[in-house]
Every structure is written in C-alpha cells, then in structure tokens.
Amino acid sequence: MNLPLPFTRGRDGVVVEFVEYERDVLTALIRDLRDLLMIDDHPALRRVKPPARPDDAEAEAGYRAMVDDDLLRGRFELLDVVEEGIEGTVLDEAGVAAWMQSLNMIRLILGERLSQEGIDLESDVLPAGPVASRYEWLGLLLGLLVAAAEPDLPDSEDQD
Amino acid sequence: MTAPSTVQEPEVEDLDDIARPWKVLVWDDPINLMSYVSFVFRKLFGYSAEKAEQLMLQVHHEGKAVVSSGPRERAEMDVFRLHEHGLWATMEQE
C-alpha cells in the first residue's frame, strides 16, 4: 500500500494530506500540547521557553514579562490553523509557518521528555516506545514540510 | 534671520546601542533538524541558502553562532521570533 506523502508541493502551495491514522495521532498530540501549554512553568515546556538573557536575571524577568503572553497566544493560534487543516488543505506562507512551528514545538517537547529520561538524542537508535516513535515521525514530517516549502523562500543577498 | 531648529539629543541608550550593538546568538541543541534551522535563518533574516547553511553548521560544530546584530529592540524581536520557531536564542551586548 502506498501512503501519500503528508506534505507535497502543489501548484498553489504546500498540499497537506494525512491518512486517518496519522490524523488521529496528530490530533491527539495537539490536544495534549494545548493542555500542556495551559500549565505555567511545566518542566516539559522548558525547551520551548528558553531564556533570552541567561546572564542577567532581572533583564530575563523583564523580557519574559514582555513576551510570554504573546508567545502563548501565538502558539494557540498556530494550533488552531493546524487543526483546521488536518483533514487536508493547501497551505499558504502563513499556513506553512503555523504547521512548521507547531510540529516543531511538539517535537521539541517530546525530545525534551526523552532527554530527561536520560536518552542521548544524538545517538542513532532511540528506544522503542510511543514517545520515541512519535518524535521520529515528527522529524520526518518536519523534514518533508521544509523540503516542500523551501522553494518558496526568496533568493536573497547575503546579509553581512 | 531664522530661529535655530530644535536639535533632538540622542538618548544615552541609543548611543550605547551604536557603540555596543546587541548580538543575537543561536545555540546548538540535539533536537532541531539542521534543515529546519537553515530554513528558519533564511525565512527570518533573508539569508541566502549558502549563508544560512554556513551559520547552521557553525551552530552545529561550534555550539553557537551570531545570527544578527543591532539595537536592543531589534535583538529582542529577533530572539522572540527565533523562540517562536523553537530555536534556542539569546542576546548579549558586544
């Protein structure tokens, strides 16, 4: 049985097409992420809220006060876009950004969880289990999405 | 004879920003895909594919790379956008 690639380049943008099982897994992951985002200072979120000013606690507190609400609100908005397109859609630039950032966010959290269990993510073999398999699957998805979206990036001069 | 125009004195902070711009660093991590990091550098900063790959490899091999430099407000915005994309970014004054 040939499964369709989830992300491919179409004439009007990046085409999203998941089979039912994949949609179910993704829907569950997004639901779990929404629940997690509601818990302030959860250890699993450490990786998606890294410090901007680790050298200066006061500056870091100021930065967090300035951005955390916007960061959180933006993440929920991105997940809304993903959920709207899970049954199949064609992504414009904003849609690509929403999917890319959302998939990466979920993957970061799963990866952080594996790291906290003492797993070396840079080794070739991850242990069997749902967290590792979803982590690897999301890596494949992200790679496919980057490849599908990359031709839309403008050629630009080096910014030196 | 015309009256002298008002001269706006630059803020001390502005002068400090010019003398010591803020640099934005991206740090290596074992999770983010290399292709994704390059994509983000191209998307956020308009770098060419070659420049983005060079910076990404610098992050990967040396542990960090400076991806932008400028006034504090711009550095804060760059860090915020990089964090939105899941990259580990920090800012510091040169």
# chains A, B, ... in the order shown; residues from 1 in each chain; ligands from 1
call {"tool": "residues_around", "arguments": {"residues": "Glu112 (chain A)", "least_positions_apart": "5", "cutoff": "10 Å", "atoms": "only C-alpha atoms", "output": "tab-separated table (two decimals) with N, CA, C and O atoms, in the first residue's frame"}}
result
chain	number	residue	atom	x	y	z
A	43	PRO	N	7.79	21.61	33.55
A	43	PRO	CA	9.16	21.29	33.11
A	43	PRO	C	9.26	20.91	31.64
A	43	PRO	O	10.27	21.18	30.98
A	44	ALA	N	8.20	20.30	31.11
A	44	ALA	CA	8.23	19.89	29.70
A	44	ALA	C	8.27	21.08	28.75
A	44	ALA	O	8.67	20.94	27.60
A	45	LEU	N	7.87	22.25	29.27
A	45	LEU	CA	7.84	23.44	28.41
A	45	LEU	C	9.15	24.21	28.42
A	45	LEU	O	9.30	25.20	27.72
A	46	ARG	N	10.08	23.73	29.23
A	46	ARG	CA	11.35	24.44	29.37
A	46	ARG	C	12.02	24.67	28.02
A	46	ARG	O	12.59	25.72	27.75
A	47	ARG	N	11.90	23.68	27.17
A	47	ARG	CA	12.62	23.74	25.91
A	47	ARG	C	11.98	24.75	24.94
A	47	ARG	O	12.66	25.28	24.06
A	48	VAL	N	10.68	25.01	25.11
A	48	VAL	CA	10.02	25.96	24.19
A	48	VAL	C	9.92	27.36	24.80
A	48	VAL	O	9.34	28.24	24.18
A	106	ILE	N	5.87	20.48	19.17
A	106	ILE	CA	5.53	19.17	19.72
A	106	ILE	C	6.79	18.31	19.78
A	106	ILE	O	7.06	17.62	20.78
A	107	ARG	N	7.55	18.34	18.73
A	107	ARG	CA	8.77	17.53	18.66
A	107	ARG	C	9.79	17.95	19.73
A	107	ARG	O	10.45	17.10	20.34
A	117	GLU	N	14.70	11.55	30.34
A	117	GLU	CA	14.77	10.12	30.71
A	117	GLU	C	16.17	9.57	30.53
A	117	GLU	O	16.38	8.36	30.65
A	118	GLY	N	17.11	10.45	30.17
A	118	GLY	CA	18.50	10.03	30.05
A	118	GLY	C	18.88	9.52	28.67
A	118	GLY	O	19.96	8.96	28.50
A	119	ILE	N	18.03	9.75	27.70
A	119	ILE	CA	18.31	9.26	26.34
A	119	ILE	C	19.12	10.29	25.58
A	119	ILE	O	18.82	11.48	25.61
A	121	LEU	N	19.81	11.95	22.41
A	121	LEU	CA	19.07	12.11	21.16
A	121	LEU	C	19.97	12.13	19.94
A	121	LEU	O	19.49	12.01	18.81
B	30	PRO	N	20.23	19.28	20.55
B	30	PRO	CA	20.21	17.97	19.88
B	30	PRO	C	18.90	17.65	19.19
B	30	PRO	O	18.75	16.57	18.62
B	31	ILE	N	17.94	18.58	19.24
B	31	ILE	CA	16.61	18.25	18.74
B	31	ILE	C	16.31	18.88	17.38
B	31	ILE	O	15.86	18.20	16.46
call {"tool": "interface_residues", "arguments": {"of": "chain B", "to": "chain A", "cutoff": "7 Å", "atoms": "only C-alpha atoms", "output": "ChimeraX atom specification"}}
result
/B:30-31,35-36,43,46-48,51,79,84-86,88-91
call {"tool": "select_by_dssp", "arguments": {"residues": "chain B", "states": "helix (DSSP H, G or I)", "output": "PyMOL selection string"}}
result
chain B and resi 12-19+34-45+49-62+72-84
call {"tool": "atom_distance", "arguments": {"atom1": "CA of Arg73 (chain A)", "atom2": "CA of Ile39 (chain A)"}}
result
13.5 Å
call {"tool": "atom_distance", "arguments": {"atom1": "CA of Leu3 (chain A)", "atom2": "CA of Tyr21 (chain A)"}}
result
11.2 Å
call {"tool": "select_by_dssp", "arguments": {"residues": "chain B", "states": "strand (DSSP E)", "output": "list in words"}}
result
Trp22, Lys23, Val24, Leu25, Val26, Trp27, Lys64, Ala65, Val66, Val67, Ser68, Ser69, Gly70, Ala89, Thr90, Met91, Glu92 and Gln93 of chain B
call {"tool": "closest_residue", "arguments": {"among": "A:Ala57, A:Arg11, A:Arg64, A:Asn2", "to": "Glu76 (chain B)", "atoms": "only C-alpha atoms"}}
result
A:Arg64
call {"tool": "atom_distance", "arguments": {"atom1": "CA of Glu17 (chain A)", "atom2": "CA of Ser133 (chain A)"}}
result
20.0 Å
call {"tool": "closest_residue", "arguments": {"among": "B:Met56, B:Pro71, B:His83, B:Val24", "to": "Ser38 (chain B)", "atoms": "only C-alpha atoms"}}
result
B:Met56
call {"tool": "residues_around", "arguments": {"residues": "Asp35 (chain A)", "least_positions_apart": "5", "cutoff": "12 Å", "atoms": "only C-alpha atoms", "output": "list in words"}}
result
Ala28, Leu29, Ile30, Asp40, His42, Ala44, Leu45, Phe76 and Leu79 of chain A
call {"tool": "residues_around", "arguments": {"residues": "His60 (chain B)", "least_positions_apart": "2", "cutoff": "9 Å", "atoms": "only C-alpha atoms", "output": "VMD selection string"}}
result
chain B and resid 27 to 29 34 55 to 58 62 to 65
call {"tool": "decode", "arguments": {"residues": "region 14-128 of chain A", "atoms": "C-alpha atoms", "output": "PDB file, in the first residue's frame"}}
result
ATOM      1  CA  VAL A  14       2.053  23.066   0.073  1.00  0.00           C
ATOM      2  CA  VAL A  15      -0.536  20.292  -0.029  1.00  0.00           C
ATOM      3  CA  VAL A  16      -1.394  18.643   3.276  1.00  0.00           C
ATOM      4  CA  GLU A  17      -2.695  15.079   3.102  1.00  0.00           C
ATOM      5  CA  PHE A  18      -2.670  12.652   6.024  1.00  0.00           C
ATOM      6  CA  VAL A  19      -4.226   9.212   6.235  1.00  0.00           C
ATOM      7  CA  GLU A  20      -6.735   8.590   9.001  1.00  0.00           C
ATOM      8  CA  TYR A  21      -4.328   7.013  11.466  1.00  0.00           C
ATOM      9  CA  GLU A  22      -1.893   9.900  11.074  1.00  0.00           C
ATOM     10  CA  ARG A  23      -4.681  12.441  11.575  1.00  0.00           C
ATOM     11  CA  ASP A  24      -5.702  10.660  14.774  1.00  0.00           C
ATOM     12  CA  VAL A  25      -2.155  10.705  16.158  1.00  0.00           C
ATOM     13  CA  LEU A  26      -1.636  14.343  15.236  1.00  0.00           C
ATOM     14  CA  THR A  27      -4.983  15.363  16.711  1.00  0.00           C
ATOM     15  CA  ALA A  28      -4.095  13.672  19.990  1.00  0.00           C
ATOM     16  CA  LEU A  29      -0.650  15.279  20.080  1.00  0.00           C
ATOM     17  CA  ILE A  30      -2.140  18.724  19.516  1.00  0.00           C
ATOM     18  CA  ARG A  31      -4.736  18.145  22.222  1.00  0.00           C
ATOM     19  CA  ASP A  32      -2.002  17.122  24.661  1.00  0.00           C
ATOM     20  CA  LEU A  33       0.044  20.174  23.723  1.00  0.00           C
ATOM     21  CA  ARG A  34      -2.904  22.517  24.302  1.00  0.00           C
ATOM     22  CA  ASP A  35      -3.360  21.037  27.779  1.00  0.00           C
ATOM     23  CA  LEU A  36       0.349  21.365  28.499  1.00  0.00           C
ATOM     24  CA  LEU A  37       0.545  24.980  27.370  1.00  0.00           C
ATOM     25  CA  MET A  38      -2.072  25.859  29.959  1.00  0.00           C
ATOM     26  CA  ILE A  39       0.253  24.734  32.767  1.00  0.00           C
ATOM     27  CA  ASP A  40       2.605  27.589  33.516  1.00  0.00           C
ATOM     28  CA  ASP A  41       6.210  26.564  34.264  1.00  0.00           C
ATOM     29  CA  HIS A  42       5.698  22.901  33.436  1.00  0.00           C
ATOM     30  CA  PRO A  43       9.164  21.289  33.113  1.00  0.00           C
ATOM     31  CA  ALA A  44       8.235  19.888  29.700  1.00  0.00           C
ATOM     32  CA  LEU A  45       7.844  23.444  28.409  1.00  0.00           C
ATOM     33  CA  ARG A  46      11.351  24.442  29.369  1.00  0.00           C
ATOM     34  CA  ARG A  47      12.618  23.742  25.905  1.00  0.00           C
ATOM     35  CA  VAL A  48      10.023  25.955  24.193  1.00  0.00           C
ATOM     36  CA  LYS A  49      10.612  28.864  26.595  1.00  0.00           C
ATOM     37  CA  PRO A  50      14.392  29.148  26.660  1.00  0.00           C
ATOM     38  CA  PRO A  51      15.961  32.138  28.421  1.00  0.00           C
ATOM     39  CA  ALA A  52      16.878  35.148  26.291  1.00  0.00           C
ATOM     40  CA  ARG A  53      19.170  36.714  28.885  1.00  0.00           C
ATOM     41  CA  PRO A  54      20.641  33.871  30.956  1.00  0.00           C
ATOM     42  CA  ASP A  55      23.398  36.227  32.122  1.00  0.00           C
ATOM     43  CA  ASP A  56      21.030  38.727  33.746  1.00  0.00           C
ATOM     44  CA  ALA A  57      18.124  37.560  35.910  1.00  0.00           C
ATOM     45  CA  GLU A  58      16.495  40.991  36.047  1.00  0.00           C
ATOM     46  CA  ALA A  59      16.710  41.504  32.277  1.00  0.00           C
ATOM     47  CA  GLU A  60      15.365  37.992  31.754  1.00  0.00           C
ATOM     48  CA  ALA A  61      12.399  38.702  34.030  1.00  0.00           C
ATOM     49  CA  GLY A  62      11.706  41.868  32.057  1.00  0.00           C
ATOM     50  CA  TYR A  63      11.910  40.012  28.765  1.00  0.00           C
ATOM     51  CA  ARG A  64       9.584  37.260  29.981  1.00  0.00           C
ATOM     52  CA  ALA A  65       7.055  39.844  31.217  1.00  0.00           C
ATOM     53  CA  MET A  66       7.198  41.469  27.796  1.00  0.00           C
ATOM     54  CA  VAL A  67       6.780  38.381  25.590  1.00  0.00           C
ATOM     55  CA  ASP A  68       5.279  35.408  27.424  1.00  0.00           C
ATOM     56  CA  ASP A  69       1.624  36.314  26.868  1.00  0.00           C
ATOM     57  CA  ASP A  70       2.209  36.983  23.166  1.00  0.00           C
ATOM     58  CA  LEU A  71       4.213  33.783  22.800  1.00  0.00           C
ATOM     59  CA  LEU A  72       1.461  31.725  24.392  1.00  0.00           C
ATOM     60  CA  ARG A  73      -1.366  33.370  22.484  1.00  0.00           C
ATOM     61  CA  GLY A  74       0.529  32.952  19.235  1.00  0.00           C
ATOM     62  CA  ARG A  75       1.059  29.249  19.894  1.00  0.00           C
ATOM     63  CA  PHE A  76      -2.628  28.618  20.421  1.00  0.00           C
ATOM     64  CA  GLU A  77      -3.390  30.485  17.203  1.00  0.00           C
ATOM     65  CA  LEU A  78      -0.905  28.331  15.321  1.00  0.00           C
ATOM     66  CA  LEU A  79      -2.509  25.162  16.669  1.00  0.00           C
ATOM     67  CA  ASP A  80      -5.907  26.459  15.516  1.00  0.00           C
ATOM     68  CA  VAL A  81      -4.554  26.737  11.973  1.00  0.00           C
ATOM     69  CA  VAL A  82      -3.149  23.206  12.106  1.00  0.00           C
ATOM     70  CA  GLU A  83      -6.378  21.720  13.421  1.00  0.00           C
ATOM     71  CA  GLU A  84      -8.346  23.467  10.681  1.00  0.00           C
ATOM     72  CA  GLY A  85      -6.148  21.846   8.044  1.00  0.00           C
ATOM     73  CA  ILE A  86      -5.703  18.332   9.411  1.00  0.00           C
ATOM     74  CA  GLU A  87      -8.370  16.847   7.133  1.00  0.00           C
ATOM     75  CA  GLY A  88      -6.479  18.184   4.137  1.00  0.00           C
ATOM     76  CA  THR A  89      -5.671  21.623   2.792  1.00  0.00           C
ATOM     77  CA  VAL A  90      -3.281  23.718   0.738  1.00  0.00           C
ATOM     78  CA  LEU A  91      -1.000  25.932   2.783  1.00  0.00           C
ATOM     79  CA  ASP A  92      -0.043  29.489   2.028  1.00  0.00           C
ATOM     80  CA  GLU A  93       3.018  31.073   3.654  1.00  0.00           C
ATOM     81  CA  ALA A  94       1.209  31.690   6.943  1.00  0.00           C
ATOM     82  CA  GLY A  95      -0.129  28.158   6.933  1.00  0.00           C
ATOM     83  CA  VAL A  96       3.334  26.722   6.358  1.00  0.00           C
ATOM     84  CA  ALA A  97       4.640  28.750   9.289  1.00  0.00           C
ATOM     85  CA  ALA A  98       1.822  27.546  11.542  1.00  0.00           C
ATOM     86  CA  TRP A  99       2.379  23.888  10.677  1.00  0.00           C
ATOM     87  CA  MET A 100       6.155  24.128  10.858  1.00  0.00           C
ATOM     88  CA  GLN A 101       6.245  25.870  14.218  1.00  0.00           C
ATOM     89  CA  SER A 102       3.563  23.626  15.691  1.00  0.00           C
ATOM     90  CA  LEU A 103       5.119  20.350  14.575  1.00  0.00           C
ATOM     91  CA  ASN A 104       8.497  21.545  15.806  1.00  0.00           C
ATOM     92  CA  MET A 105       7.027  22.610  19.137  1.00  0.00           C
ATOM     93  CA  ILE A 106       5.532  19.168  19.722  1.00  0.00           C
ATOM     94  CA  ARG A 107       8.773  17.531  18.659  1.00  0.00           C
ATOM     95  CA  LEU A 108      10.819  19.725  20.995  1.00  0.00           C
ATOM     96  CA  ILE A 109       8.640  18.733  23.937  1.00  0.00           C
ATOM     97  CA  LEU A 110       8.845  15.031  23.095  1.00  0.00           C
ATOM     98  CA  GLY A 111      12.586  15.347  22.632  1.00  0.00           C
ATOM     99  CA  GLU A 112      12.961  17.123  25.955  1.00  0.00           C
ATOM    100  CA  ARG A 113      10.992  14.341  27.598  1.00  0.00           C
ATOM    101  CA  LEU A 114      13.294  11.711  26.089  1.00  0.00           C
ATOM    102  CA  SER A 115      16.354  13.700  27.207  1.00  0.00           C
ATOM    103  CA  GLN A 116      15.009  13.917  30.736  1.00  0.00           C
ATOM    104  CA  GLU A 117      14.771  10.123  30.710  1.00  0.00           C
ATOM    105  CA  GLY A 118      18.496  10.029  30.050  1.00  0.00           C
ATOM    106  CA  ILE A 119      18.306   9.262  26.345  1.00  0.00           C
ATOM    107  CA  ASP A 120      21.005  10.662  24.097  1.00  0.00           C
ATOM    108  CA  LEU A 121      19.068  12.114  21.159  1.00  0.00           C
ATOM    109  CA  GLU A 122      22.156  12.312  19.005  1.00  0.00           C
ATOM    110  CA  SER A 123      22.649   8.551  19.068  1.00  0.00           C
ATOM    111  CA  ASP A 124      21.285   6.660  16.114  1.00  0.00           C
ATOM    112  CA  VAL A 125      18.984   4.295  17.957  1.00  0.00           C
ATOM    113  CA  LEU A 126      16.134   5.503  20.123  1.00  0.00           C
ATOM    114  CA  PRO A 127      14.364   3.090  22.456  1.00  0.00           C
ATOM    115  CA  ALA A 128      11.120   1.528  21.332  1.00  0.00           C
TER     116      ALA A 128
END
